[in-house]
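upload11.cif (mmCIF, C-alpha atoms) appears below.
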```cif
data_upload
#
loop_
_atom_site.label_atom_id
_atom_site.label_comp_id
_atom_site.auth_asym_id
_atom_site.auth_seq_id
_atom_site.Cartn_x
_atom_site.Cartn_y
_atom_site.Cartn_z
CA MET A 1024 31.96 -6.37 -16.56
CA ILE A 1025 30.32 -3.01 -17.31
CA GLY A 1026 28.37 -0.30 -15.52
CA ILE A 1027 25.06 1.30 -16.48
CA GLU A 1028 26.54 3.97 -18.72
CA ASP A 1029 28.73 1.53 -20.66
CA CYS A 1030 25.73 -0.73 -20.98
CA LEU A 1031 23.77 2.06 -22.67
CA SER A 1032 26.59 3.10 -24.97
CA GLU A 1033 27.13 -0.52 -25.99
CA ALA A 1034 23.42 -0.82 -26.71
CA MET A 1035 23.63 2.33 -28.85
CA ALA A 1036 26.58 0.79 -30.70
CA ILE A 1037 24.34 -2.00 -31.99
CA PRO A 1038 23.98 -1.37 -35.76
CA GLY A 1039 20.77 0.52 -36.45
CA ALA A 1040 20.16 1.55 -32.79
CA LEU A 1041 18.17 4.79 -32.53
CA GLY A 1042 17.59 4.92 -28.79
CA ALA A 1043 18.14 2.88 -25.65
CA ILE A 1044 16.70 2.99 -22.17
CA LEU A 1045 16.98 1.11 -18.88
CA VAL A 1046 13.68 0.84 -17.02
CA ASP A 1047 12.87 -0.43 -13.54
CA HIS A 1048 9.85 -2.54 -14.42
CA THR A 1049 8.02 -2.62 -11.09
CA SER A 1050 8.13 1.13 -10.48
CA GLY A 1051 8.19 2.21 -14.14
CA THR A 1052 11.21 4.43 -13.48
CA ALA A 1053 13.54 5.49 -16.29
CA LEU A 1054 16.96 4.67 -14.82
CA ALA A 1055 19.18 5.81 -17.67
CA THR A 1056 18.57 6.68 -21.28
CA GLU A 1057 20.18 7.65 -24.55
CA GLY A 1058 18.59 8.95 -27.73
CA LEU A 1059 14.99 9.11 -26.49
CA PRO A 1060 13.16 12.45 -26.38
CA ASP A 1061 10.91 11.74 -23.38
CA PRO A 1062 12.45 9.07 -21.13
CA GLU A 1063 9.71 9.20 -18.49
CA ARG A 1064 6.93 8.48 -20.95
CA SER A 1065 9.00 5.86 -22.72
CA ALA A 1066 9.70 4.12 -19.41
CA ILE A 1067 6.02 3.96 -18.50
CA GLY A 1068 5.00 2.82 -21.97
CA LEU A 1069 7.65 0.14 -22.25
CA SER A 1070 7.06 -1.29 -18.79
CA GLU A 1071 3.31 -1.39 -19.48
CA THR A 1072 4.01 -3.18 -22.78
CA PHE A 1073 6.06 -5.74 -20.92
CA ARG A 1074 3.46 -6.16 -18.20
CA ALA A 1075 0.63 -6.60 -20.71
CA THR A 1076 2.66 -9.21 -22.58
CA LEU A 1077 3.36 -11.11 -19.36
CA ASP A 1078 -0.32 -11.07 -18.42
CA GLY A 1079 -1.47 -12.06 -21.87
CA LEU A 1080 0.99 -14.90 -22.20
CA ALA A 1081 0.21 -16.14 -18.69
CA LEU A 1082 -3.40 -16.54 -19.78
CA SER A 1083 -2.60 -18.23 -23.07
CA SER A 1084 0.26 -20.47 -22.03
CA PRO A 1085 -0.64 -24.10 -21.45
CA ASP A 1086 2.16 -24.88 -19.02
CA GLY A 1087 4.55 -23.51 -16.45
CA THR A 1088 5.03 -19.98 -15.25
CA ILE A 1089 5.95 -17.33 -17.75
CA ARG A 1090 9.48 -16.06 -18.14
CA ILE A 1091 10.18 -13.81 -21.07
CA ASP A 1092 13.66 -13.95 -22.49
CA ASP A 1093 13.16 -11.04 -24.80
CA LEU A 1094 10.43 -9.28 -26.71
CA ILE A 1095 10.73 -8.34 -30.38
CA ILE A 1096 8.18 -5.92 -31.73
CA THR A 1097 8.15 -5.03 -35.41
CA THR A 1098 6.56 -1.70 -36.21
CA ASP A 1099 6.16 0.17 -39.48
CA HIS A 1100 9.25 2.20 -38.68
CA GLY A 1101 11.52 -0.35 -37.09
CA TYR A 1102 12.03 -2.79 -34.31
CA GLN A 1103 11.71 -2.50 -30.59
CA LEU A 1104 13.68 -4.97 -28.48
CA ILE A 1105 12.83 -5.38 -24.80
CA LYS A 1106 14.96 -7.62 -22.63
CA PRO A 1107 14.36 -8.20 -18.92
CA MET A 1108 17.32 -8.68 -16.60
CA GLU A 1109 16.66 -10.29 -13.25
CA THR A 1110 18.05 -8.69 -10.11
CA MET A 1111 18.28 -10.42 -6.75
CA TRP A 1112 16.45 -7.73 -4.83
CA ASP A 1113 13.75 -6.38 -7.11
CA GLY A 1114 11.65 -7.12 -10.15
CA PRO A 1115 13.34 -7.11 -13.52
CA ILE A 1116 15.22 -4.21 -15.05
CA LEU A 1117 14.28 -3.82 -18.70
CA ILE A 1118 16.81 -2.87 -21.33
CA CYS A 1119 15.01 -1.56 -24.38
CA VAL A 1120 16.48 -0.63 -27.76
CA ARG A 1121 14.72 0.98 -30.69
CA LEU A 1122 16.19 -0.06 -34.04
CA ASP A 1123 16.01 1.33 -37.56
CA ARG A 1124 14.23 -1.15 -39.80
CA ASP A 1125 16.47 -0.68 -42.82
CA ARG A 1126 19.81 -0.68 -41.05
CA ALA A 1127 19.27 -3.13 -38.21
CA ASN A 1128 20.09 -6.82 -38.24
CA LEU A 1129 17.60 -8.31 -35.83
CA ALA A 1130 19.52 -11.51 -35.09
CA LEU A 1131 22.72 -9.61 -34.41
CA ALA A 1132 20.94 -7.03 -32.26
CA ARG A 1133 19.35 -9.76 -30.17
CA ARG A 1134 22.66 -11.48 -29.55
CA ARG A 1135 24.39 -8.24 -28.70
CA LEU A 1136 21.67 -7.27 -26.24
CA ASP A 1137 21.97 -10.66 -24.61
CA SER A 1138 25.70 -10.32 -24.07
CA ILE A 1139 25.35 -6.72 -22.85
CA SER A 1140 22.82 -7.79 -20.24
CA HIS A 1141 25.12 -10.55 -19.03
CA GLU A 1142 27.97 -8.11 -18.71
CA LEU A 1143 25.85 -5.69 -16.69
CA ILE A 1144 24.36 -8.28 -14.36
CA ALA A 1145 26.82 -11.11 -13.95
CA SER A 1146 24.56 -14.03 -13.22
CA MET B 266 17.64 22.86 2.77
CA LEU B 267 18.60 20.07 0.37
CA SER B 268 18.13 22.40 -2.59
CA GLU B 269 20.35 25.02 -0.95
CA LEU B 270 23.08 22.47 -0.33
CA ALA B 271 22.78 21.33 -3.92
CA GLU B 272 23.16 24.89 -5.18
CA SER B 273 26.19 25.53 -3.03
CA LYS B 274 27.80 22.32 -4.41
CA ALA B 275 28.17 20.90 -0.91
CA THR B 276 29.79 17.56 -0.08
CA GLY B 277 28.75 15.72 3.06
CA ALA B 278 25.86 14.02 4.81
CA LEU B 279 22.53 15.64 5.67
CA LYS B 280 21.24 13.69 8.65
CA ALA B 281 17.62 13.92 9.76
CA GLY B 282 17.93 12.35 13.21
CA ARG B 283 17.29 8.64 12.96
CA SER B 284 14.87 9.02 10.08
CA GLY B 285 17.48 9.02 7.38
CA THR B 286 20.49 10.54 5.71
CA VAL B 287 21.14 12.14 2.33
CA TYR B 288 24.70 11.90 1.06
CA LEU B 289 25.84 14.64 -1.27
CA SER B 290 28.90 15.03 -3.41
CA LYS B 291 29.55 18.43 -5.00
CA GLY B 292 25.88 19.29 -4.78
CA ARG B 293 24.61 16.07 -6.30
CA VAL B 294 22.92 13.34 -4.30
CA CYS B 295 24.84 10.07 -4.42
CA TYR B 296 22.96 8.00 -1.84
CA VAL B 297 19.93 8.26 0.44
CA GLU B 298 19.13 6.13 3.45
CA CYS B 299 15.78 5.98 5.18
CA ALA B 300 15.11 4.07 8.39
CA ARG B 301 11.88 2.66 6.92
CA THR B 302 13.26 1.28 3.65
CA PRO B 303 15.82 -1.48 3.07
CA THR B 304 19.36 -0.17 2.62
CA VAL B 305 21.82 -1.53 0.06
CA GLU B 306 23.39 -3.55 2.90
CA GLU B 307 20.02 -5.12 3.74
CA LEU B 308 19.14 -5.84 0.11
CA LEU B 309 22.46 -7.60 -0.38
CA THR B 310 22.24 -9.66 2.80
CA VAL B 311 18.60 -10.70 2.36
CA SER B 312 19.28 -11.72 -1.25
CA GLY B 313 22.12 -13.88 0.04
CA ARG B 314 24.94 -12.15 -1.78
CA ILE B 315 26.91 -11.47 1.39
CA THR B 316 26.48 -12.24 5.08
CA SER B 317 25.72 -9.46 7.54
CA HIS B 318 29.09 -10.20 9.11
CA GLY B 319 30.70 -9.72 5.70
CA VAL B 320 28.98 -6.36 5.32
CA LYS B 321 30.12 -5.30 8.78
CA THR B 322 33.73 -6.20 8.08
CA ALA B 323 33.64 -4.47 4.70
CA ARG B 324 32.17 -1.35 6.24
CA GLN B 325 34.76 -1.23 8.99
CA THR B 326 37.73 -1.71 6.67
CA THR B 327 36.54 0.88 4.15
CA ALA B 328 34.96 3.47 6.45
CA ALA B 329 37.96 5.77 6.16
CA THR B 330 38.56 5.40 2.43
CA ALA B 331 34.86 5.23 1.41
CA ASP B 332 35.52 2.75 -1.39
CA GLY B 333 33.56 -0.21 -0.01
CA GLY B 334 31.56 -0.56 -3.21
CA ASP B 335 34.70 -1.01 -5.29
CA MET B 336 35.94 -3.60 -2.83
CA LEU B 337 32.71 -5.62 -3.05
CA VAL B 338 32.96 -5.57 -6.85
CA ARG B 339 36.64 -6.66 -6.75
CA ARG B 340 35.74 -9.50 -4.42
CA GLY B 341 33.03 -10.64 -6.81
CA VAL B 342 30.12 -10.12 -4.38
CA LEU B 343 28.27 -8.41 -7.22
CA SER B 344 29.02 -6.83 -10.58
CA ARG B 345 29.56 -3.11 -11.14
CA GLY B 346 26.20 -2.88 -12.89
CA GLU B 347 24.40 -4.68 -10.07
CA LEU B 348 25.96 -2.38 -7.49
CA GLN B 349 24.89 0.71 -9.42
CA LEU B 350 21.38 -0.63 -9.91
CA CYS B 351 21.16 -1.56 -6.24
CA VAL B 352 22.29 1.90 -5.10
CA LEU B 353 19.98 3.53 -7.61
CA GLY B 354 16.98 1.50 -6.50
CA ALA B 355 17.67 1.92 -2.79
CA THR B 356 18.17 5.68 -3.17
CA LEU B 357 14.93 6.23 -5.09
CA ASP B 358 13.11 4.05 -2.57
CA ALA B 359 14.55 5.87 0.46
CA SER B 360 13.97 9.32 -1.08
CA PHE B 361 10.31 8.59 -1.59
CA PHE B 362 9.74 7.80 2.08
CA LEU B 363 12.21 10.28 3.56
CA PHE B 364 11.16 13.36 1.58
CA GLY B 365 7.48 12.74 2.18
CA ALA B 366 7.81 12.28 5.94
CA ASN B 367 7.88 14.60 8.92
CA VAL B 368 11.50 14.39 9.94
CA PRO B 369 13.50 16.03 12.72
CA LYS B 370 15.42 19.15 11.73
CA PRO B 371 18.27 17.89 9.58
CA ARG B 372 21.90 18.62 10.36
CA PHE B 373 24.58 18.77 7.72
CA ARG B 374 27.96 17.19 8.38
CA GLU B 375 30.43 18.50 5.89
CA GLY B 376 32.70 15.93 4.32
CA ASP B 377 30.90 12.82 5.62
CA ARG B 378 30.85 10.02 3.07
CA HIS B 379 29.08 6.70 2.83
CA TRP B 380 31.33 3.66 3.09
CA LEU B 381 30.12 2.30 -0.27
CA GLY B 382 31.54 5.33 -2.04
CA ILE B 383 29.93 7.04 -5.01
CA GLN B 384 28.18 4.70 -7.43
CA TRP B 385 25.60 6.95 -9.06
CA PHE B 386 24.56 10.60 -9.13
CA PHE B 387 21.09 12.12 -8.87
CA ASP B 388 20.33 15.78 -9.35
CA VAL B 389 18.04 17.11 -6.63
CA PRO B 390 15.19 18.42 -8.87
CA GLY B 391 15.19 15.10 -10.75
CA LEU B 392 14.93 13.19 -7.49
CA PHE B 393 11.99 15.33 -6.36
CA ARG B 394 10.34 14.84 -9.75
CA GLU B 395 10.67 11.07 -9.51
CA CYS B 396 9.19 11.08 -5.98
CA HIS B 397 6.26 13.06 -7.31
CA ARG B 398 5.75 10.64 -10.19
CA ARG B 399 5.86 7.68 -7.82
CA ARG B 400 3.27 9.30 -5.56
CA ALA B 401 0.95 9.82 -8.53
CA ARG B 402 1.48 6.22 -9.65
CA LEU B 403 0.53 4.92 -6.17
CA ASP B 404 -2.63 7.03 -6.17
CA ARG B 405 -3.56 5.76 -9.61
CA ALA B 406 -3.31 2.19 -8.40
CA TRP B 407 -5.53 2.78 -5.36
CA PRO B 408 -6.22 6.33 -4.33
CA SER B 409 -6.08 5.92 -0.57
CA ALA B 410 -3.21 5.81 1.87
CA GLU B 411 -5.19 3.96 4.53
CA LEU B 412 -3.64 0.60 3.67
CA ASP B 413 -0.07 1.89 3.77
CA SER B 414 0.26 1.74 7.53
CA ARG B 415 -2.09 -1.15 8.28
CA PRO B 416 -1.22 -4.83 8.42
CA VAL B 417 -1.69 -6.64 5.12
CA VAL B 418 -4.68 -8.98 5.44
CA PRO B 419 -5.65 -11.06 2.39
CA VAL B 420 -9.40 -11.57 2.06
CA ARG B 421 -10.59 -15.06 2.85
CA ARG B 422 -12.94 -15.20 -0.10
CA ILE B 423 -12.56 -13.32 -3.32
CA ARG B 424 -15.31 -12.25 -5.65
CA ALA B 425 -13.43 -12.99 -8.85
CA HIS B 426 -13.15 -16.45 -10.35
CA HIS B 427 -9.63 -15.92 -11.46
CA VAL B 428 -6.72 -13.72 -10.36
CA MET B 429 -3.30 -13.04 -11.75
CA LEU B 430 -0.44 -12.16 -9.43
CA THR B 431 3.05 -10.82 -10.00
CA ALA B 432 5.97 -12.60 -8.35
CA LEU B 433 6.20 -9.82 -5.78
CA GLN B 434 2.49 -10.01 -4.98
CA TRP B 435 2.86 -13.75 -4.46
CA GLU B 436 5.68 -13.16 -1.97
CA ILE B 437 3.64 -10.55 -0.16
CA LEU B 438 0.64 -12.86 0.20
CA LEU B 439 2.81 -15.70 1.46
CA ASN B 440 4.41 -13.46 4.06
CA ALA B 441 1.31 -11.57 5.14
CA ASP B 442 0.47 -12.61 8.69
CA ALA B 443 -2.31 -10.09 9.38
CA ASP B 444 0.14 -8.33 11.67
CA THR B 445 2.77 -6.80 9.39
CA THR B 446 2.47 -3.55 7.46
CA PRO B 447 3.57 -3.34 3.81
CA ILE B 448 6.76 -1.50 4.70
CA GLU B 449 7.72 -3.99 7.41
CA LEU B 450 6.99 -6.78 4.93
CA ALA B 451 9.33 -5.16 2.42
CA LYS B 452 12.18 -5.24 4.92
CA ARG B 453 11.45 -8.86 5.77
CA ILE B 454 11.43 -10.10 2.19
CA GLY B 455 14.24 -7.77 1.10
CA ARG B 456 12.27 -5.87 -1.53
CA PRO B 457 12.06 -2.12 -1.99
CA ALA B 458 9.35 -0.55 0.17
CA TYR B 459 7.84 1.45 -2.70
CA THR B 460 7.30 -1.50 -5.03
CA THR B 461 5.87 -3.51 -2.12
CA LEU B 462 3.47 -0.69 -1.30
CA LEU B 463 2.48 -0.40 -4.96
CA ALA B 464 1.88 -4.15 -5.16
CA VAL B 465 -0.26 -3.98 -2.00
CA ARG B 466 -2.35 -1.13 -3.39
CA GLU B 467 -2.79 -2.99 -6.68
CA MET B 468 -3.97 -6.06 -4.80
CA ALA B 469 -6.36 -3.89 -2.79
CA ALA B 470 -7.74 -2.47 -6.02
CA ALA B 471 -8.22 -6.02 -7.29
CA GLY B 472 -10.22 -6.84 -4.15
CA LEU B 473 -7.70 -9.29 -2.73
CA LEU B 474 -7.04 -7.50 0.56
CA GLU B 475 -9.19 -6.55 3.51
CA THR B 476 -9.77 -2.81 3.48
CA PRO B 477 -10.99 -0.71 6.40
CA ALA B 478 -14.05 0.36 4.44
CA ALA B 479 -15.11 -3.23 3.90
CA ALA B 480 -17.82 -4.70 6.06
CA PRO B 481 -16.63 -6.33 9.27
CA GLU B 482 -15.62 -9.94 8.86
CA PRO B 483 -18.43 -12.41 9.39
CA PRO B 484 -17.95 -14.67 12.40
CA PRO B 485 -15.69 -17.57 11.47
CA PRO B 486 -17.51 -20.75 10.56
CA GLU B 487 -17.32 -23.51 13.14
CA LYS B 488 -14.07 -25.38 12.99
CA ARG B 489 -14.12 -28.39 10.75
CA LEU B 490 -11.90 -31.29 11.63
CA GLU B 491 -11.45 -32.75 8.20
CA LEU B 492 -10.49 -30.99 5.00
CA PRO B 493 -13.53 -29.30 3.53
CA LYS B 494 -14.94 -30.81 0.40
CA ARG B 495 -13.72 -29.30 -2.82
CA VAL B 496 -16.21 -27.70 -5.09
CA ALA B 497 -16.07 -27.95 -8.84
CA GLY B 498 -13.61 -25.60 -10.40
CA SER B 499 -11.44 -25.15 -7.34
CA ALA B 500 -7.72 -25.87 -7.49
CA PRO B 501 -6.02 -28.16 -8.27
CA ARG B 502 -7.68 -28.55 -11.61
CA PRO B 503 -8.27 -31.84 -13.32
CA GLU B 504 -6.27 -32.85 -16.38
CA PRO B 505 -7.29 -30.69 -19.30
CA PRO B 506 -9.33 -32.52 -21.89
CA ASN B 507 -7.53 -33.42 -25.08
CA GLY B 508 -8.42 -32.36 -28.56
CA ASN B 509 -9.72 -29.10 -29.91
CA GLY B 510 -11.63 -26.53 -28.01
CA ARG B 511 -9.39 -26.70 -24.99
CA ARG B 512 -9.82 -23.83 -22.63
CA ALA B 513 -7.01 -21.35 -22.22
CA GLN B 514 -5.20 -22.05 -18.99
CA SER B 515 -3.32 -19.74 -16.72
CA SER B 516 0.12 -20.70 -15.58
CA PHE B 517 -0.88 -19.55 -12.14
CA PRO B 518 -2.83 -21.67 -9.73
CA GLU B 519 -6.50 -21.26 -10.35
CA ILE B 520 -7.99 -19.44 -7.42
CA SER B 521 -11.60 -20.03 -6.68
CA GLY B 522 -13.81 -18.41 -4.14
CA ASP B 523 -13.43 -21.52 -2.03
CA PRO B 524 -11.99 -20.56 1.38
CA SER B 525 -10.48 -24.02 1.70
CA ASP B 526 -7.78 -22.85 -0.74
CA VAL B 527 -6.74 -20.08 1.60
CA ASN B 528 -7.05 -22.33 4.62
CA LEU B 529 -4.88 -24.92 2.92
CA LEU B 530 -2.25 -22.30 2.11
CA ILE B 531 -2.21 -21.05 5.68
CA ARG B 532 -1.86 -24.59 7.04
CA LEU B 533 0.90 -25.32 4.56
CA ARG B 534 2.73 -22.19 5.59
CA ASN B 535 2.39 -22.99 9.28
CA ALA B 536 3.72 -26.49 8.66
CA LEU B 537 6.68 -25.12 6.72
CA GLU B 538 7.44 -22.62 9.45
CA ALA B 539 7.32 -25.36 12.06
CA PHE B 540 9.95 -27.23 10.06
CA GLN B 541 12.54 -24.46 10.35
#
```

So that I can check it, write out the structure of this file as structure tokens.
Amino acid sequence: MIGIEDCLSEAMAIPGALGAILVDHTSGTALATEGLPDPERSAIGLSETFRATLDGLALSSPDGTIRIDDLIITTDHGYQLIKPMETMWDGPILICVRLDRDRANLALARRRLDSISHELIAS
Amino acid sequence: MLSELAESKATGALKAGRSGTVYLSKGRVCYVECARTPTVEELLTVSGRITSHGVKTARQTTAATADGGDMLVRRGVLSRGELQLCVLGATLDASFFLFGANVPKPRFREGDRHWLGIQWFFDVPGLFRECHRRRARLDRAWPSAELDSRPVVPVRRIRAHHVMLTALQWEILLNADADTTPIELAKRIGRPAYTTLLAVREMAAAGLLETPAAAPEPPPPEKRLELPKRVAGSAPRPEPPNGNGRRAQSSFPEISGDPSDVNLLIRLRNALEAFQ
């Protein structure tokens, strides 16, 4: 079981991690961050990315309500992983990690992020 | 006054009458309570993590030592991360409503601590900055505060053919009884007041709520005894046709302009309430 700060340092320990941030999705608040120059802007941008994906998928999905397990975005510079963690009292908290394209192992990063999120929110 | 206390590295509780309390430790804010927003205790009880009796007992046994948070984590009520996130969320929520309100002259009680203990730190300028950002975000969603203190009333007929709701907006609509304000609703459903308010303003912007500026409601149509006839395109939708060229479907219930949908929801809710 880990706290917020350990969660961020474990996310930064993922091979190839360049920056990590915890975002409260409903309010767009940057809760804690490491390695990102402008956390407030990042928080807004990442939560809007997540919201747009939810909306888009809700429109295009043929069945059921949409739950996103994680989001993998490949850019020209690297990868961006966004993983929502459900809380009992509010909308999801997003844990987002930016990864170096040459050094990162996407499958490993995804698994590590999954276990980190389960350690932070034991559910 | 809060900034002065922060500069002098004070430890204690700054109490603004019954409106709320700011807890400081060595000049940094560690928790804020506001009478209008759900506290950590309320969020935990409404979400079913612990009973209100459990909270009371925990508070009494740890009032002197101020390590109630650690005890809850040891007992497995919630994880360390969840506790920190809960305190963080509740503090930001309370700050937004406490700092923006007219409050009685605050009194500082040196050395007072909250029974949960210290779970997270906020620096005072950062807290003010976040409140400011949240205010701007609210105004971007719907630039008027007139809905904030009025009961939430969903419109009976919407202009759009199709709407998309977040989970929180769904909860708000189900709990709106034309009598409860957004902040009261937040307490009832155990969600932060700010996010509830934001969701309400977003729904207002989408034309889903009655607004004061809107024309007065037309007189209600005469009461029909049987279920009104459905019109084409209203929910529930027929089986989608097979083969190519299938229309994209939302995972959400299709909402038509047909008031029978709203009527049906209201009747369903009343029936469910009668069951309890």

> If you count only C-alpha atoms, which residues fall within 9 Å of segment 1128-1140 of chain A, apart from same-chain ones fewer than 2 positions away, as a ChimeraX atom specification?
Replying inline: /A:1025,1030-1031,1033-1034,1037-1040,1093,1095,1102,1104,1106-1108,1118-1120,1122,1124-1126,1142-1145

> How would you write, as a list in words, the residues chosen by the PyMOL selection byres ((chain A) within 7 of (chain B)) on this structure?
Replying inline: Met1024, Ile1025, Gly1026, Ile1027, Thr1049, Ser1050, Ala1081, Leu1082, Ser1083, Ser1084, Pro1085, Asp1086, Gly1087, Thr1088, Met1111, Trp1112, Asp1113, Leu1143, Ile1144 and Ala1145 of chain A

> If the PyMOL selection byres ((chain A and resi 1059) around 10) is run on the structure shown, which residues does it catch, given as an NGL selection string?
Replying inline: :A and (1041-1044 or 1056-1058 or 1060-1065 or 1120-1121)

Can you write just those residues out, C-alpha atoms, as a compact mmCIF listing (two decimals), in the coordinates of the input?
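The result, stored in selection.txt:
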```
# COMPACT_ATOMS: atom_id res chain seq x y z
CA LEU A 1041 18.17 4.79 -32.53
CA GLY A 1042 17.59 4.92 -28.79
CA ALA A 1043 18.14 2.88 -25.65
CA ILE A 1044 16.70 2.99 -22.17
CA THR A 1056 18.57 6.68 -21.28
CA GLU A 1057 20.18 7.65 -24.55
CA GLY A 1058 18.59 8.95 -27.73
CA PRO A 1060 13.16 12.45 -26.38
CA ASP A 1061 10.91 11.74 -23.38
CA PRO A 1062 12.45 9.07 -21.13
CA GLU A 1063 9.71 9.20 -18.49
CA ARG A 1064 6.93 8.48 -20.95
CA SER A 1065 9.00 5.86 -22.72
CA VAL A 1120 16.48 -0.63 -27.76
CA ARG A 1121 14.72 0.98 -30.69
```

>> Here is a test: counting only C-alpha atoms, which residue of A:Gly1114, A:Leu1077, A:Glu1109, A:His1141 is nearest to Gly1051 of chain A?
In response: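 Ranked by minimum distance to Gly1051 of chain A, first place goes to A:Gly1114.
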
>> Just checking: using only C-alpha atoms, which residue out of B:Val428, B:Lys291, B:Ile437, B:Val368 ends up closest to Asp1078 of chain A?
In response: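 Result for the nearest residue to Asp1078 of chain A: B:Val428.
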
Pick out the residues sitting within 7 Å of Cys299 of chain B, and hand them over as a short mmCIF file (atom, residue, chain, number, x, y, z; two decimals) with C-alpha atoms, in the coordinates of the input; count all atoms listed in the file, and ignore anything fewer than 5 positions along from it in its own chain.
```
data_model
loop_
_atom_site.label_atom_id
_atom_site.label_comp_id
_atom_site.auth_asym_id
_atom_site.auth_seq_id
_atom_site.Cartn_x
_atom_site.Cartn_y
_atom_site.Cartn_z
CA SER B 284 14.87 9.02 10.08
CA GLY B 285 17.48 9.02 7.38
CA THR B 286 20.49 10.54 5.71
CA ALA B 359 14.55 5.87 0.46
CA LEU B 363 12.21 10.28 3.56
#
```

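Counting only C-alpha atoms and comparing A:Ala1036, A:Thr1110, A:Pro1115, A:Ser1070, the residue that lies closest to Arg1090 of chain A is A:Pro1115.
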
> Which value, in Å to one decimal, gives the distance between atom CA of Cys396 of chain B and atom CA of Ala451 of chain B?
Replying inline: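 Those two atoms sit 18.3 Å apart.
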
> Do you know which residues the PyMOL selection byres ((chain B and resi 414-425) around 8) returns on this file, as an MDAnalysis selection string?
Replying inline: chainID B and resid 410:413 426:428 438 441:448 465 472:475 521:524 527

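Closest to Arg453 of chain B among B:Gly282, B:Trp380, B:Asp332, B:Leu439 is B:Leu439, based on only C-alpha atoms.
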
> Could you work out how far atom CA of Ala278 of chain B lies from atom CA of Gly376 of chain B, giving the answer in Å with one decimal?
Replying inline: 7.1 Å

>> Can you measure atom CA of Glu375 of chain B to atom CA of Ala300 of chain B for me? One decimal in Å is fine.
In response: 21.2 Å

Your completed segment 425-436 of chain B with N, CA and C atoms, as an mmCIF file, in the frame of the given file:
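Contents of the output file rebuild06.cif:
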```cif
data_model
loop_
_atom_site.group_PDB
_atom_site.id
_atom_site.type_symbol
_atom_site.label_atom_id
_atom_site.label_comp_id
_atom_site.auth_asym_id
_atom_site.auth_seq_id
_atom_site.Cartn_x
_atom_site.Cartn_y
_atom_site.Cartn_z
ATOM 1 N N ALA B 425 -13.754 -12.581 -7.478
ATOM 2 C CA ALA B 425 -13.430 -12.990 -8.850
ATOM 3 C C ALA B 425 -13.268 -14.504 -8.930
ATOM 4 N N HIS B 426 -13.384 -15.016 -10.145
ATOM 5 C CA HIS B 426 -13.150 -16.450 -10.350
ATOM 6 C C HIS B 426 -11.686 -16.727 -10.602
ATOM 7 N N HIS B 427 -10.964 -15.703 -10.920
ATOM 8 C CA HIS B 427 -9.630 -15.920 -11.460
ATOM 9 C C HIS B 427 -8.790 -14.690 -11.118
ATOM 10 N N VAL B 428 -7.592 -14.882 -10.575
ATOM 11 C CA VAL B 428 -6.720 -13.720 -10.360
ATOM 12 C C VAL B 428 -5.345 -14.007 -10.929
ATOM 13 N N MET B 429 -4.656 -12.924 -11.247
ATOM 14 C CA MET B 429 -3.300 -13.040 -11.750
ATOM 15 C C MET B 429 -2.408 -12.231 -10.815
ATOM 16 N N LEU B 430 -1.314 -12.837 -10.377
ATOM 17 C CA LEU B 430 -0.440 -12.160 -9.430
ATOM 18 C C LEU B 430 0.957 -11.998 -10.027
ATOM 19 N N THR B 431 1.639 -10.929 -9.644
ATOM 20 C CA THR B 431 3.050 -10.820 -10.000
ATOM 21 C C THR B 431 3.849 -11.599 -8.961
ATOM 22 N N ALA B 432 5.129 -11.841 -9.274
ATOM 23 C CA ALA B 432 5.970 -12.600 -8.350
ATOM 24 C C ALA B 432 6.038 -11.897 -6.997
ATOM 25 N N LEU B 433 6.113 -10.574 -7.026
ATOM 26 C CA LEU B 433 6.200 -9.820 -5.780
ATOM 27 C C LEU B 433 4.904 -9.943 -4.979
ATOM 28 N N GLN B 434 3.766 -9.878 -5.680
ATOM 29 C CA GLN B 434 2.490 -10.010 -4.980
ATOM 30 C C GLN B 434 2.356 -11.395 -4.334
ATOM 31 N N TRP B 435 2.859 -12.385 -5.012
ATOM 32 C CA TRP B 435 2.860 -13.750 -4.460
ATOM 33 C C TRP B 435 3.655 -13.791 -3.163
ATOM 34 N N GLU B 436 4.843 -13.176 -3.189
ATOM 35 C CA GLU B 436 5.680 -13.160 -1.970
ATOM 36 C C GLU B 436 4.983 -12.416 -0.846
#
```
